[in-house]
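Structure below is start-v8.cif: mmCIF, C-alpha atoms.
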```
data_model
loop_
_atom_site.group_PDB
_atom_site.id
_atom_site.type_symbol
_atom_site.label_atom_id
_atom_site.label_comp_id
_atom_site.auth_asym_id
_atom_site.auth_seq_id
_atom_site.Cartn_x
_atom_site.Cartn_y
_atom_site.Cartn_z
ATOM 1 C CA MET A 203 12.390 -19.615 -17.177
ATOM 2 C CA GLN A 204 9.657 -19.203 -14.577
ATOM 3 C CA ILE A 205 8.104 -15.719 -14.545
ATOM 4 C CA ALA A 206 7.753 -14.106 -11.109
ATOM 5 C CA VAL A 207 4.218 -13.334 -9.955
ATOM 6 C CA ASP A 208 4.387 -10.979 -6.962
ATOM 7 C CA PHE A 209 7.293 -8.572 -7.370
ATOM 8 C CA CYS A 210 8.514 -5.023 -7.796
ATOM 9 C CA GLN A 211 10.919 -4.360 -10.675
ATOM 10 C CA PRO A 212 13.136 -1.228 -10.552
ATOM 11 C CA PHE A 213 14.350 0.263 -13.830
ATOM 12 C CA THR A 214 15.709 3.465 -15.324
ATOM 13 C CA LEU A 215 15.174 5.138 -18.675
ATOM 14 C CA ASP A 216 18.719 6.260 -19.323
ATOM 15 C CA HIS A 217 17.878 8.233 -22.460
ATOM 16 C CA SER A 218 15.427 10.358 -20.472
ATOM 17 C CA ASN A 219 17.008 10.505 -16.991
ATOM 18 C CA ILE A 220 13.902 8.937 -15.472
ATOM 19 C CA ARG A 221 13.625 6.187 -12.883
ATOM 20 C CA GLY A 222 10.737 3.773 -12.702
ATOM 21 C CA ARG A 223 9.144 0.817 -10.976
ATOM 22 C CA PHE A 224 6.802 -1.913 -12.184
ATOM 23 C CA THR A 225 4.830 -4.093 -9.785
ATOM 24 C CA ARG A 226 2.442 -6.977 -10.290
ATOM 25 C CA LEU A 227 0.627 -8.658 -7.408
ATOM 26 C CA GLY A 228 -1.824 -11.544 -7.361
ATOM 27 C CA PRO A 229 -1.483 -14.106 -4.535
ATOM 28 C CA THR A 230 -0.471 -11.418 -2.026
ATOM 29 C CA VAL A 231 -3.579 -9.335 -2.704
ATOM 30 C CA GLN A 232 -5.770 -12.429 -2.873
ATOM 31 C CA THR A 233 -4.541 -13.631 0.526
ATOM 32 C CA ILE A 234 -5.224 -10.248 2.124
ATOM 33 C CA ILE A 235 -8.706 -9.953 0.621
ATOM 34 C CA GLY A 236 -9.541 -13.583 1.389
ATOM 35 C CA GLN A 237 -9.002 -12.988 5.111
ATOM 36 C CA HIS A 238 -11.884 -10.500 5.212
ATOM 37 C CA THR A 239 -15.423 -10.047 3.901
ATOM 38 C CA TYR A 240 -15.108 -6.528 2.523
ATOM 39 C CA PRO A 241 -17.515 -5.318 -0.212
ATOM 40 C CA ALA A 242 -16.199 -5.404 -3.794
ATOM 41 C CA LEU A 243 -15.755 -1.608 -4.023
ATOM 42 C CA ALA A 244 -13.694 -1.668 -0.845
ATOM 43 C CA ASN A 245 -11.580 -4.530 -2.203
ATOM 44 C CA HIS A 246 -10.944 -2.529 -5.374
ATOM 45 C CA LEU A 247 -9.606 0.418 -3.363
ATOM 46 C CA LEU A 248 -7.607 -1.879 -1.096
ATOM 47 C CA SER A 249 -5.975 -3.535 -4.119
ATOM 48 C CA GLU A 250 -5.140 -0.131 -5.570
ATOM 49 C CA ILE A 251 -3.523 1.196 -2.402
ATOM 50 C CA ILE A 252 -1.496 -2.016 -1.991
ATOM 51 C CA GLY A 253 -0.036 -1.499 -5.464
ATOM 52 C CA LEU A 254 0.601 2.168 -4.716
ATOM 53 C CA ALA A 255 2.312 1.393 -1.403
ATOM 54 C CA VAL A 256 4.608 -1.141 -3.053
ATOM 55 C CA LEU A 257 5.646 1.343 -5.749
ATOM 56 C CA LEU A 258 6.242 4.122 -3.227
ATOM 57 C CA SER A 259 8.154 1.988 -0.737
ATOM 58 C CA SER A 260 10.420 0.579 -3.452
ATOM 59 C CA SER A 261 11.506 4.089 -4.390
ATOM 60 C CA LEU A 262 12.913 4.656 -0.887
ATOM 61 C CA LYS A 263 16.050 3.389 0.830
ATOM 62 C CA TYR A 264 15.026 2.179 4.275
ATOM 63 C CA GLU A 265 15.436 -0.686 6.721
ATOM 64 C CA GLY A 266 12.203 -1.067 8.590
ATOM 65 C CA LEU A 267 8.589 -0.321 7.798
ATOM 66 C CA PHE A 268 6.820 1.836 5.216
ATOM 67 C CA THR A 269 3.154 2.585 5.925
ATOM 68 C CA LEU A 270 0.609 4.190 3.627
ATOM 69 C CA GLN A 271 -2.614 5.130 5.417
ATOM 70 C CA THR A 272 -5.724 7.132 4.643
ATOM 71 C CA SER A 273 -8.097 8.712 7.152
ATOM 72 C CA SER A 274 -11.364 10.255 5.984
ATOM 73 C CA ASP A 275 -15.057 10.776 6.726
ATOM 74 C CA GLY A 276 -16.615 8.708 3.925
ATOM 75 C CA PRO A 277 -18.037 5.163 3.925
ATOM 76 C CA ILE A 278 -14.513 3.788 3.455
ATOM 77 C CA SER A 279 -12.891 5.787 6.233
ATOM 78 C CA MET A 280 -9.507 4.073 6.515
ATOM 79 C CA LEU A 281 -7.098 2.141 4.309
ATOM 80 C CA VAL A 282 -3.714 1.055 5.630
ATOM 81 C CA VAL A 283 -0.851 -0.880 4.029
ATOM 82 C CA ASP A 284 2.470 -1.904 5.596
ATOM 83 C CA VAL A 285 5.436 -2.862 3.407
ATOM 84 C CA ASP A 286 8.630 -3.791 5.224
ATOM 85 C CA SER A 287 12.128 -3.726 3.750
ATOM 86 C CA ASP A 288 12.032 -7.529 3.283
ATOM 87 C CA GLY A 289 9.051 -7.310 0.899
ATOM 88 C CA ASN A 290 6.398 -8.430 3.398
ATOM 89 C CA VAL A 291 3.010 -6.809 2.828
ATOM 90 C CA ARG A 292 -0.154 -6.598 4.925
ATOM 91 C CA ALA A 293 -3.237 -4.389 4.609
ATOM 92 C CA CYS A 294 -6.732 -3.746 5.923
ATOM 93 C CA LEU A 295 -9.496 -1.148 5.819
ATOM 94 C CA ARG A 296 -12.486 0.175 7.709
ATOM 95 C CA VAL A 297 -15.834 0.422 5.924
ATOM 96 C CA ASP A 298 -19.363 1.381 6.953
ATOM 97 C CA GLU A 299 -21.292 -1.045 4.759
ATOM 98 C CA GLU A 300 -24.662 0.548 5.474
ATOM 99 C CA ARG A 301 -23.437 3.950 4.243
ATOM 100 C CA LEU A 302 -21.686 2.345 1.275
ATOM 101 C CA ASN A 303 -24.796 0.425 0.198
ATOM 102 C CA ALA A 304 -26.884 3.602 0.482
ATOM 103 C CA MET A 305 -24.376 5.437 -1.719
ATOM 104 C CA ILE A 306 -24.443 2.661 -4.329
ATOM 105 C CA ALA A 307 -28.250 2.692 -4.383
ATOM 106 C CA ALA A 308 -28.335 6.473 -4.845
ATOM 107 C CA GLU A 309 -25.696 6.586 -7.592
ATOM 108 C CA GLU A 310 -26.861 6.438 -11.195
ATOM 109 C CA GLY A 311 -24.991 3.468 -12.618
ATOM 110 C CA GLY A 312 -24.554 1.956 -9.159
ATOM 111 C CA GLU A 313 -21.341 0.232 -8.194
ATOM 112 C CA ASP A 314 -19.717 0.524 -11.632
ATOM 113 C CA ALA A 315 -20.133 4.311 -11.623
ATOM 114 C CA LEU A 316 -18.515 4.623 -8.186
ATOM 115 C CA ARG A 317 -15.462 2.497 -8.916
ATOM 116 C CA GLY A 318 -12.376 4.668 -8.734
ATOM 117 C CA GLN A 319 -14.143 7.752 -7.333
ATOM 118 C CA VAL A 320 -11.971 8.248 -4.284
ATOM 119 C CA LEU A 321 -13.583 11.463 -3.069
ATOM 120 C CA LYS A 322 -17.057 9.894 -3.019
ATOM 121 C CA LEU A 323 -16.065 6.580 -1.486
ATOM 122 C CA MET A 324 -13.608 7.992 1.041
ATOM 123 C CA GLY A 325 -14.853 11.527 1.610
ATOM 124 C CA ARG A 326 -12.709 14.335 2.956
ATOM 125 C CA GLY A 327 -9.462 13.436 4.633
ATOM 126 C CA HIS A 328 -5.785 12.836 4.065
ATOM 127 C CA ILE A 329 -3.250 10.221 3.056
ATOM 128 C CA ALA A 330 -0.079 9.758 5.122
ATOM 129 C CA PHE A 331 3.291 8.289 4.095
ATOM 130 C CA THR A 332 5.350 7.017 7.046
ATOM 131 C CA VAL A 333 8.822 5.455 7.230
ATOM 132 C CA ASP A 334 9.767 3.890 10.578
ATOM 133 C CA GLN A 335 13.322 2.545 10.828
ATOM 134 C CA GLY A 336 13.304 1.893 14.573
ATOM 135 C CA ASP A 337 14.372 3.822 17.641
ATOM 136 C CA GLU A 338 17.783 4.794 16.267
ATOM 137 C CA HIS A 339 16.321 6.773 13.362
ATOM 138 C CA GLU A 340 13.926 9.665 13.214
ATOM 139 C CA ARG A 341 10.467 8.701 12.013
ATOM 140 C CA TYR A 342 9.523 10.365 8.714
ATOM 141 C CA GLN A 343 5.964 11.242 7.784
ATOM 142 C CA GLY A 344 4.428 13.133 4.882
ATOM 143 C CA ILE A 345 0.737 14.044 4.674
ATOM 144 C CA VAL A 346 -1.389 15.326 1.804
ATOM 145 C CA SER A 347 -5.123 15.900 1.383
ATOM 146 C CA LEU A 348 -7.214 13.394 -0.531
ATOM 147 C CA GLU A 349 -7.531 15.238 -3.827
ATOM 148 C CA GLY A 350 -8.197 13.674 -7.202
ATOM 149 C CA GLU A 351 -10.274 10.863 -8.603
ATOM 150 C CA THR A 352 -7.771 8.124 -7.736
ATOM 151 C CA LEU A 353 -5.290 7.315 -5.000
ATOM 152 C CA ALA A 354 -2.528 7.584 -7.591
ATOM 153 C CA GLN A 355 -3.489 11.213 -8.245
ATOM 154 C CA CYS A 356 -3.309 11.895 -4.499
ATOM 155 C CA ALA A 357 0.236 10.518 -4.434
ATOM 156 C CA GLU A 358 1.209 12.588 -7.470
ATOM 157 C CA ALA A 359 -0.060 15.712 -5.687
ATOM 158 C CA TYR A 360 2.097 14.856 -2.679
ATOM 159 C CA PHE A 361 5.274 14.683 -4.767
ATOM 160 C CA ARG A 362 4.449 17.942 -6.548
ATOM 161 C CA GLN A 363 3.730 19.801 -3.320
ATOM 162 C CA SER A 364 6.226 18.314 -0.890
ATOM 163 C CA GLU A 365 9.108 16.920 -2.937
ATOM 164 C CA GLN A 366 8.949 19.122 -6.067
ATOM 165 C CA LEU A 367 9.433 16.008 -8.187
ATOM 166 C CA GLU A 368 7.462 15.203 -11.325
ATOM 167 C CA THR A 369 5.949 11.799 -10.633
ATOM 168 C CA SER A 370 3.363 9.731 -12.465
ATOM 169 C CA PHE A 371 1.578 6.454 -11.695
ATOM 170 C CA LYS A 372 -0.389 3.961 -13.753
ATOM 171 C CA LEU A 373 -2.409 1.511 -11.637
ATOM 172 C CA GLU A 374 -4.858 -1.112 -12.846
ATOM 173 C CA VAL A 375 -6.959 -3.422 -10.667
ATOM 174 C CA HIS A 376 -8.379 -6.576 -12.210
ATOM 175 C CA ARG A 377 -11.131 -8.680 -10.653
ATOM 176 C CA GLY A 378 -11.420 -12.268 -11.820
ATOM 177 C CA GLU A 379 -14.441 -14.520 -11.864
ATOM 178 C CA THR A 380 -14.367 -15.403 -8.157
ATOM 179 C CA ALA A 381 -14.839 -13.083 -5.166
ATOM 180 C CA ASP A 382 -11.221 -13.397 -4.002
ATOM 181 C CA ASP A 383 -9.530 -13.310 -7.432
ATOM 182 C CA TRP A 384 -7.943 -9.853 -7.489
ATOM 183 C CA TRP A 385 -4.838 -8.642 -9.319
ATOM 184 C CA VAL A 386 -3.089 -5.298 -9.395
ATOM 185 C CA GLY A 387 -0.433 -4.027 -11.771
ATOM 186 C CA GLY A 388 1.281 -0.679 -11.519
ATOM 187 C CA LEU A 389 3.928 1.534 -13.077
ATOM 188 C CA PHE A 390 5.726 4.490 -11.521
ATOM 189 C CA LEU A 391 7.898 7.085 -13.255
ATOM 190 C CA GLN A 392 9.839 9.896 -11.626
ATOM 191 C CA LYS A 393 11.861 12.606 -13.311
ATOM 192 C CA MET A 394 15.338 12.842 -11.810
ATOM 193 C CA PRO A 395 17.093 16.200 -11.290
ATOM 194 C CA VAL A 396 19.474 17.112 -14.125
ATOM 195 C CA SER A 397 21.788 19.101 -11.836
ATOM 196 C CA ALA A 398 22.557 19.584 -8.169
ATOM 197 C CA SER A 399 20.082 22.481 -8.049
ATOM 198 C CA GLY A 400 17.394 20.403 -9.770
ATOM 199 C CA ASP A 401 17.119 22.850 -12.670
ATOM 200 C CA ALA A 402 18.138 22.512 -16.303
ATOM 201 C CA SER A 403 21.154 24.696 -17.145
ATOM 202 C CA THR A 404 19.906 25.940 -20.540
ATOM 203 C CA PRO A 405 16.513 26.503 -22.206
ATOM 204 C CA GLU A 406 17.374 23.779 -24.720
ATOM 205 C CA GLU A 407 18.109 21.324 -21.932
ATOM 206 C CA ALA A 408 14.890 22.271 -20.148
ATOM 207 C CA GLU A 409 12.922 21.678 -23.338
ATOM 208 C CA LYS A 410 14.522 18.247 -23.817
ATOM 209 C CA VAL A 411 13.766 17.269 -20.223
ATOM 210 C CA SER A 412 10.140 18.295 -20.672
ATOM 211 C CA GLU A 413 9.826 16.424 -23.966
ATOM 212 C CA ASP A 414 11.441 13.291 -22.506
ATOM 213 C CA TRP A 415 9.068 13.350 -19.550
ATOM 214 C CA ASN A 416 5.960 13.884 -21.657
ATOM 215 C CA ARG A 417 6.954 11.110 -24.069
ATOM 216 C CA SER A 418 7.704 8.638 -21.279
ATOM 217 C CA THR A 419 4.458 9.276 -19.410
ATOM 218 C CA ILE A 420 2.486 8.871 -22.634
ATOM 219 C CA LEU A 421 4.203 5.521 -23.201
ATOM 220 C CA MET A 422 3.420 4.466 -19.638
ATOM 221 C CA ALA A 423 -0.226 5.494 -20.021
ATOM 222 C CA SER A 424 -0.482 3.239 -23.089
ATOM 223 C CA ALA A 425 -0.010 0.116 -20.950
ATOM 224 C CA THR A 426 -3.258 -1.842 -20.819
ATOM 225 C CA GLU A 427 -4.838 -3.564 -17.838
ATOM 226 C CA ASN A 428 -4.144 -6.921 -19.454
ATOM 227 C CA GLU A 429 -0.450 -6.135 -19.961
ATOM 228 C CA LEU A 430 -0.029 -5.049 -16.345
ATOM 229 C CA VAL A 431 -1.599 -8.160 -14.813
ATOM 230 C CA ASP A 432 -0.767 -10.811 -17.438
ATOM 231 C CA ILE A 433 1.559 -13.283 -15.699
ATOM 232 C CA SER A 434 2.734 -14.658 -19.069
ATOM 233 C CA LEU A 435 4.388 -11.280 -19.774
ATOM 234 C CA SER A 436 7.595 -10.820 -17.795
ATOM 235 C CA ALA A 437 8.574 -7.552 -16.156
ATOM 236 C CA HIS A 438 11.499 -7.185 -18.559
ATOM 237 C CA GLY A 439 9.199 -7.908 -21.481
ATOM 238 C CA LEU A 440 6.687 -5.247 -20.478
ATOM 239 C CA ILE A 441 9.343 -2.597 -19.791
ATOM 240 C CA TRP A 442 11.021 -3.273 -23.144
ATOM 241 C CA ARG A 443 7.674 -3.267 -24.965
ATOM 242 C CA LEU A 444 6.792 0.162 -23.568
ATOM 243 C CA PHE A 445 10.141 1.928 -23.358
ATOM 244 C CA HIS A 446 12.596 0.312 -25.796
ATOM 245 C CA ASP A 447 13.434 3.680 -27.407
ATOM 246 C CA GLU A 448 14.260 5.164 -23.984
ATOM 247 C CA GLU A 449 17.167 2.756 -23.327
ATOM 248 C CA PRO A 450 15.628 0.964 -20.313
ATOM 249 C CA ARG A 451 17.943 -0.629 -17.778
ATOM 250 C CA VAL A 452 16.553 -3.059 -15.181
ATOM 251 C CA PHE A 453 17.870 -3.883 -11.730
ATOM 252 C CA GLU A 454 17.377 -6.637 -9.172
ATOM 253 C CA GLN A 455 13.736 -7.570 -8.696
ATOM 254 C CA THR A 456 12.197 -7.598 -5.209
ATOM 255 C CA PRO A 457 9.856 -10.527 -4.444
ATOM 256 C CA LEU A 458 6.741 -9.674 -2.436
ATOM 257 C CA GLN A 459 4.524 -11.759 -0.189
ATOM 258 C CA PHE A 460 1.879 -11.414 2.500
ATOM 259 C CA LYS A 461 3.126 -11.655 6.065
ATOM 260 C CA CYS A 462 1.491 -10.325 9.219
ATOM 261 C CA ARG A 463 3.546 -9.150 12.177
ATOM 262 C CA CYS A 464 0.960 -9.997 14.827
ATOM 263 C CA SER A 465 1.802 -12.516 17.577
ATOM 264 C CA ARG A 466 0.470 -13.765 20.879
ATOM 265 C CA GLU A 467 3.350 -12.047 22.649
ATOM 266 C CA LYS A 468 2.389 -8.644 21.214
ATOM 267 C CA ILE A 469 -1.236 -9.121 22.284
ATOM 268 C CA GLU A 470 -0.063 -10.079 25.764
ATOM 269 C CA GLY A 471 1.971 -6.884 25.881
ATOM 270 C CA ALA A 472 -1.202 -4.876 25.234
ATOM 271 C CA LEU A 473 -3.442 -6.821 27.616
ATOM 272 C CA VAL A 474 -1.031 -6.616 30.535
ATOM 273 C CA THR A 475 -1.560 -2.846 30.694
ATOM 274 C CA TYR A 476 -5.170 -3.383 31.854
ATOM 275 C CA PRO A 477 -6.128 -4.087 35.518
ATOM 276 C CA LEU A 478 -7.048 -7.723 36.166
ATOM 277 C CA ASP A 479 -10.640 -6.888 37.114
ATOM 278 C CA GLU A 480 -11.102 -5.061 33.816
ATOM 279 C CA LEU A 481 -9.595 -7.950 31.855
ATOM 280 C CA LEU A 482 -11.917 -10.451 33.528
ATOM 281 C CA SER A 483 -14.915 -8.251 32.720
ATOM 282 C CA MET A 484 -13.935 -8.340 29.031
ATOM 283 C CA ARG A 485 -14.409 -12.133 28.729
ATOM 284 C CA GLU A 486 -16.823 -13.383 26.090
ATOM 285 C CA ALA A 487 -19.931 -15.105 27.428
ATOM 286 C CA ASP A 488 -19.766 -18.051 25.016
ATOM 287 C CA THR A 489 -16.048 -18.854 25.340
ATOM 288 C CA GLY A 490 -15.109 -17.480 28.743
ATOM 289 C CA GLU A 491 -12.069 -15.916 27.075
ATOM 290 C CA VAL A 492 -10.841 -12.470 26.246
ATOM 291 C CA GLY A 493 -10.657 -12.716 22.458
ATOM 292 C CA VAL A 494 -8.482 -10.357 20.407
ATOM 293 C CA SER A 495 -8.421 -10.514 16.606
ATOM 294 C CA CYS A 496 -5.741 -8.946 14.426
ATOM 295 C CA GLN A 497 -7.290 -6.325 12.142
ATOM 296 C CA PHE A 498 -4.854 -7.260 9.358
ATOM 297 C CA CYS A 499 -5.055 -11.053 9.177
ATOM 298 C CA ASN A 500 -8.111 -11.810 11.356
ATOM 299 C CA THR A 501 -6.138 -14.271 13.497
ATOM 300 C CA ARG A 502 -7.892 -14.630 16.869
ATOM 301 C CA TYR A 503 -5.965 -14.911 20.105
ATOM 302 C CA GLY A 504 -7.926 -16.207 23.105
ATOM 303 C CA PHE A 505 -7.004 -15.873 26.800
ATOM 304 C CA ASN A 506 -8.893 -17.758 29.513
ATOM 305 C CA GLU A 507 -9.096 -16.695 33.173
ATOM 306 C CA ALA A 508 -6.077 -18.733 34.268
ATOM 307 C CA GLU A 509 -3.957 -17.258 31.465
ATOM 308 C CA LEU A 510 -5.071 -13.727 32.318
ATOM 309 C CA ARG A 511 -4.222 -14.199 36.002
ATOM 310 C CA GLN A 512 -0.837 -15.664 35.097
ATOM 311 C CA LEU A 513 -0.218 -12.791 32.692
ATOM 312 C CA LYS A 514 -0.731 -10.270 35.488
ATOM 313 C CA ALA A 515 1.271 -12.365 37.937
ATOM 314 C CA ASP A 516 4.227 -12.354 35.549
ATOM 315 C CA ASP A 517 4.026 -8.566 35.048
ATOM 316 C CA PRO A 518 6.956 -6.921 36.897
ATOM 317 C CA GLU A 519 5.092 -3.626 37.234
ATOM 318 C CA ALA A 520 2.045 -5.308 38.724
ATOM 319 C CA ALA A 521 4.213 -7.203 41.204
ATOM 320 C CA SER A 522 6.198 -4.139 42.298
ATOM 321 C CA PRO A 523 4.858 -2.035 45.154
ATOM 322 C CA LYS A 524 3.593 1.405 44.129
ATOM 323 C CA ILE A 525 5.318 4.382 45.709
#
```
Please re-express this file's structure in structure tokens.
Amino acid sequence: MQIAVDFCQPFTLDHSNIRGRFTRLGPTVQTIIGQHTYPALANHLLSEIIGLAVLLSSSLKYEGLFTLQTSSDGPISMLVVDVDSDGNVRACLRVDEERLNAMIAAEEGGEDALRGQVLKLMGRGHIAFTVDQGDEHERYQGIVSLEGETLAQCAEAYFRQSEQLETSFKLEVHRGETADDWWVGGLFLQKMPVSASGDASTPEEAEKVSEDWNRSTILMASATENELVDISLSAHGLIWRLFHDEEPRVFEQTPLQFKCRCSREKIEGALVTYPLDELLSMREADTGEVGVSCQFCNTRYGFNEAELRQLKADDPEAASPKI
């Protein structure tokens, strides 16, 4: 049996009334990182937030797009990941390399000491969770401050503050021997309500719920980096190895892959909003084109003068007389 590589595996711990997710990503993360020239510290954070976004999105029922995005004032001032309901993932970030290099030089221990220190690398800001299911559904967004040493701790704070749900994450990022060889493995546990009110009915029941949760999170924390990213260990094998006493039950696995949603048509839709004179002034000296590159996949779309004029000629609003 061939073991899946990029996936998210839902499961429950029936003995403890806890639901969970396990994700492992290699080629998807490697494709995203390979399309850019981000510094290694930035790639580490990008890998981590991709794993986090996959775990979060898989815990929701939606048809559309889940977006996890940070905005902050540090050297790495933005991270954004899209995960659609078909398992397509894309991601990018914004980094001030001059500020980042200065921070590395000033830090005792350099790059190794900074790895995982979200507040230093990203500064003050927030992380936003957005679910967009199209025009027929109301857009949902949750926001929480960047607090904690890791992105996972920021997400845990969001669930405590906004959803009143005990939630715990275990995320490990592994860098291989080459610049683009990145892997991420992650586990997610969430305590489910024991009654309609969300409260235990008796002190004994409350104590059991607390003990079950503490035991399960300790078991999750025992997972090693190697176990989480080792493609020779199946999802079922890892879940059973960690939680066999908790009566784990697994469900259908979701395959994941990189896919960007950019297209020439979407770029045309943005360019057509500009006056023709302004478009022509935006042409690059060396190519004579207006060049637009997708921030996610770095695909470049070029438009020469004839194409720009035709684009405006085909625009119904441009052709209609103004009243």
inquiry  = Running the PyMOL selection byres ((chain A and resi 219) around 9) on this model by hand, what would come out? Give it as a ChimeraX atom specification.
reply    = /A:214-218,220-221,392-396,411,414-415
Contact table stretch 274-315 of chain A vs stretch 246-253 of chain A, cut-off 8 Å, shortest pair per residue, all atoms listed in the file, as JSON lines:
```
{"residue": "A:Leu281", "atom": "CA", "partner": "A:Leu248", "partner_atom": "CA", "distance": 6.8}
{"residue": "A:Val283", "atom": "CA", "partner": "A:Ile252", "partner_atom": "CA", "distance": 6.2}
{"residue": "A:Ala293", "atom": "CA", "partner": "A:Ile252", "partner_atom": "CA", "distance": 7.2}
{"residue": "A:Cys294", "atom": "CA", "partner": "A:Leu248", "partner_atom": "CA", "distance": 7.3}
{"residue": "A:Leu295", "atom": "CA", "partner": "A:Leu248", "partner_atom": "CA", "distance": 7.2}
```
inquiry  = Translate the PyMOL selection byres ((chain A and resi 360-365) around 10) into a concrete residue list for this structure, as a list in words.
reply    = Ile329, Ala330, Phe331, Gly344, Ile345, Val346, Ser347, Leu348, Glu349, Ala354, Gln355, Cys356, Ala357, Glu358, Ala359, Gln366, Leu367, Glu368, Thr369, Ser370 and Gln392 of chain A
How would the residues just chosen look if you wrote them out with C-alpha atoms as a compact mmCIF listing (two decimals), in the frame of the given file?
```
# COMPACT_ATOMS: atom_id res chain seq x y z
CA ILE A 329 -3.25 10.22 3.06
CA ALA A 330 -0.08 9.76 5.12
CA PHE A 331 3.29 8.29 4.10
CA GLY A 344 4.43 13.13 4.88
CA ILE A 345 0.74 14.04 4.67
CA VAL A 346 -1.39 15.33 1.80
CA SER A 347 -5.12 15.90 1.38
CA LEU A 348 -7.21 13.39 -0.53
CA GLU A 349 -7.53 15.24 -3.83
CA ALA A 354 -2.53 7.58 -7.59
CA GLN A 355 -3.49 11.21 -8.24
CA CYS A 356 -3.31 11.90 -4.50
CA ALA A 357 0.24 10.52 -4.43
CA GLU A 358 1.21 12.59 -7.47
CA ALA A 359 -0.06 15.71 -5.69
CA GLN A 366 8.95 19.12 -6.07
CA LEU A 367 9.43 16.01 -8.19
CA GLU A 368 7.46 15.20 -11.32
CA THR A 369 5.95 11.80 -10.63
CA SER A 370 3.36 9.73 -12.46
CA GLN A 392 9.84 9.90 -11.63
```
message = Applying the PyMOL selection byres ((chain A and resi 299-312) around 9) to the file I just gave you, which residues come out? Please list them as a list in words.
response =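 That expression, the PyMOL selection byres ((chain A and resi 299-312) around 9), corresponds here to Tyr240, Pro241, Leu243, Gly276, Pro277, Ile278, Val297, Asp298, Glu313, Asp314, Ala315, Leu316, Lys322 and Leu323 of chain A.
Atom pair atom CA of A:Asp516 / atom CA of A:Tyr476: separated by 13.5 Å.
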query = At what distance in Å, to one decimal, does atom CA of A:Glu265 lie from atom CA of A:Ser287?
reply =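 Atom CA of A:Glu265 lies at a distance of 5.4 Å from atom CA of A:Ser287.
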query = If you measure from atom CA of A:Cys499 to atom CA of A:Cys462, what distance in Å do you get, rounded to one decimal?
reply = 6.6 Å
Nearest residue to A:Arg223 from the set A:Asn416, A:Thr239, A:Thr404, A:Gln455 (distances using only C-alpha atoms) =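 That would be A:Gln455, the residue with the smallest distance to A:Arg223.
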task = Do a neighbour search on A:Asp286 at 12 Å with only C-alpha atoms, toss out local chain neighbours closer than 3 positions, and write the hits as a PyMOL selection string.
result = chain A and resi 255-256+258-260+262-270+283+289-293+332-336+456-463
Export, as a tab-separated table (two decimals), keeping the file's coordinate frame, the selected residues with C-alpha atoms.
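As a result, selection_19.tsv now contains:
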```tsv
chain	number	residue	atom	x	y	z
A	255	ALA	CA	2.31	1.39	-1.40
A	256	VAL	CA	4.61	-1.14	-3.05
A	258	LEU	CA	6.24	4.12	-3.23
A	259	SER	CA	8.15	1.99	-0.74
A	260	SER	CA	10.42	0.58	-3.45
A	262	LEU	CA	12.91	4.66	-0.89
A	263	LYS	CA	16.05	3.39	0.83
A	264	TYR	CA	15.03	2.18	4.28
A	265	GLU	CA	15.44	-0.69	6.72
A	266	GLY	CA	12.20	-1.07	8.59
A	267	LEU	CA	8.59	-0.32	7.80
A	268	PHE	CA	6.82	1.84	5.22
A	269	THR	CA	3.15	2.58	5.92
A	270	LEU	CA	0.61	4.19	3.63
A	283	VAL	CA	-0.85	-0.88	4.03
A	289	GLY	CA	9.05	-7.31	0.90
A	290	ASN	CA	6.40	-8.43	3.40
A	291	VAL	CA	3.01	-6.81	2.83
A	292	ARG	CA	-0.15	-6.60	4.92
A	293	ALA	CA	-3.24	-4.39	4.61
A	332	THR	CA	5.35	7.02	7.05
A	333	VAL	CA	8.82	5.46	7.23
A	334	ASP	CA	9.77	3.89	10.58
A	335	GLN	CA	13.32	2.54	10.83
A	336	GLY	CA	13.30	1.89	14.57
A	456	THR	CA	12.20	-7.60	-5.21
A	457	PRO	CA	9.86	-10.53	-4.44
A	458	LEU	CA	6.74	-9.67	-2.44
A	459	GLN	CA	4.52	-11.76	-0.19
A	460	PHE	CA	1.88	-11.41	2.50
A	461	LYS	CA	3.13	-11.66	6.06
A	462	CYS	CA	1.49	-10.32	9.22
A	463	ARG	CA	3.55	-9.15	12.18
```
query = Which residues, protein or nucleic acid, reach to within 12 Å of (-12.7, -13.6, 7.2) in the file's coordinates when using only C-alpha atoms, and can you give that as a PyMOL selection string?
reply = chain A and resi 233-240+294+382+495-502
Please list as an mmCIF file with C-alpha atoms, in the coordinates of the input every residue within 9 Å of A:Gln319, counting all atoms listed in the file and excluding residues in the same chain fewer than 6 positions away.
```cif
data_model
loop_
_atom_site.group_PDB
_atom_site.id
_atom_site.type_symbol
_atom_site.label_atom_id
_atom_site.label_comp_id
_atom_site.auth_asym_id
_atom_site.auth_seq_id
_atom_site.Cartn_x
_atom_site.Cartn_y
_atom_site.Cartn_z
ATOM 1 C CA GLY A 350 -8.197 13.674 -7.202
ATOM 2 C CA GLU A 351 -10.274 10.863 -8.603
ATOM 3 C CA THR A 352 -7.771 8.124 -7.736
#
```
Close residues, stretch 423-439 of chain A itself excluded, 9 Å, only C-alpha atoms, min 4 positions apart in chain, as JSON, numbers by chain = {"A": [205, 206, 207, 209, 210, 211, 224, 225, 226, 227, 228, 371, 372, 373, 374, 375, 376, 385, 386, 387, 388, 389, 418, 419, 443, 444, 452]}
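Considering the residues A:Gln271, A:Ala381, A:Ala242, A:Phe445 and counting all atoms listed in the file, A:Gln343 has its shortest atom-to-atom contact with A:Gln271.
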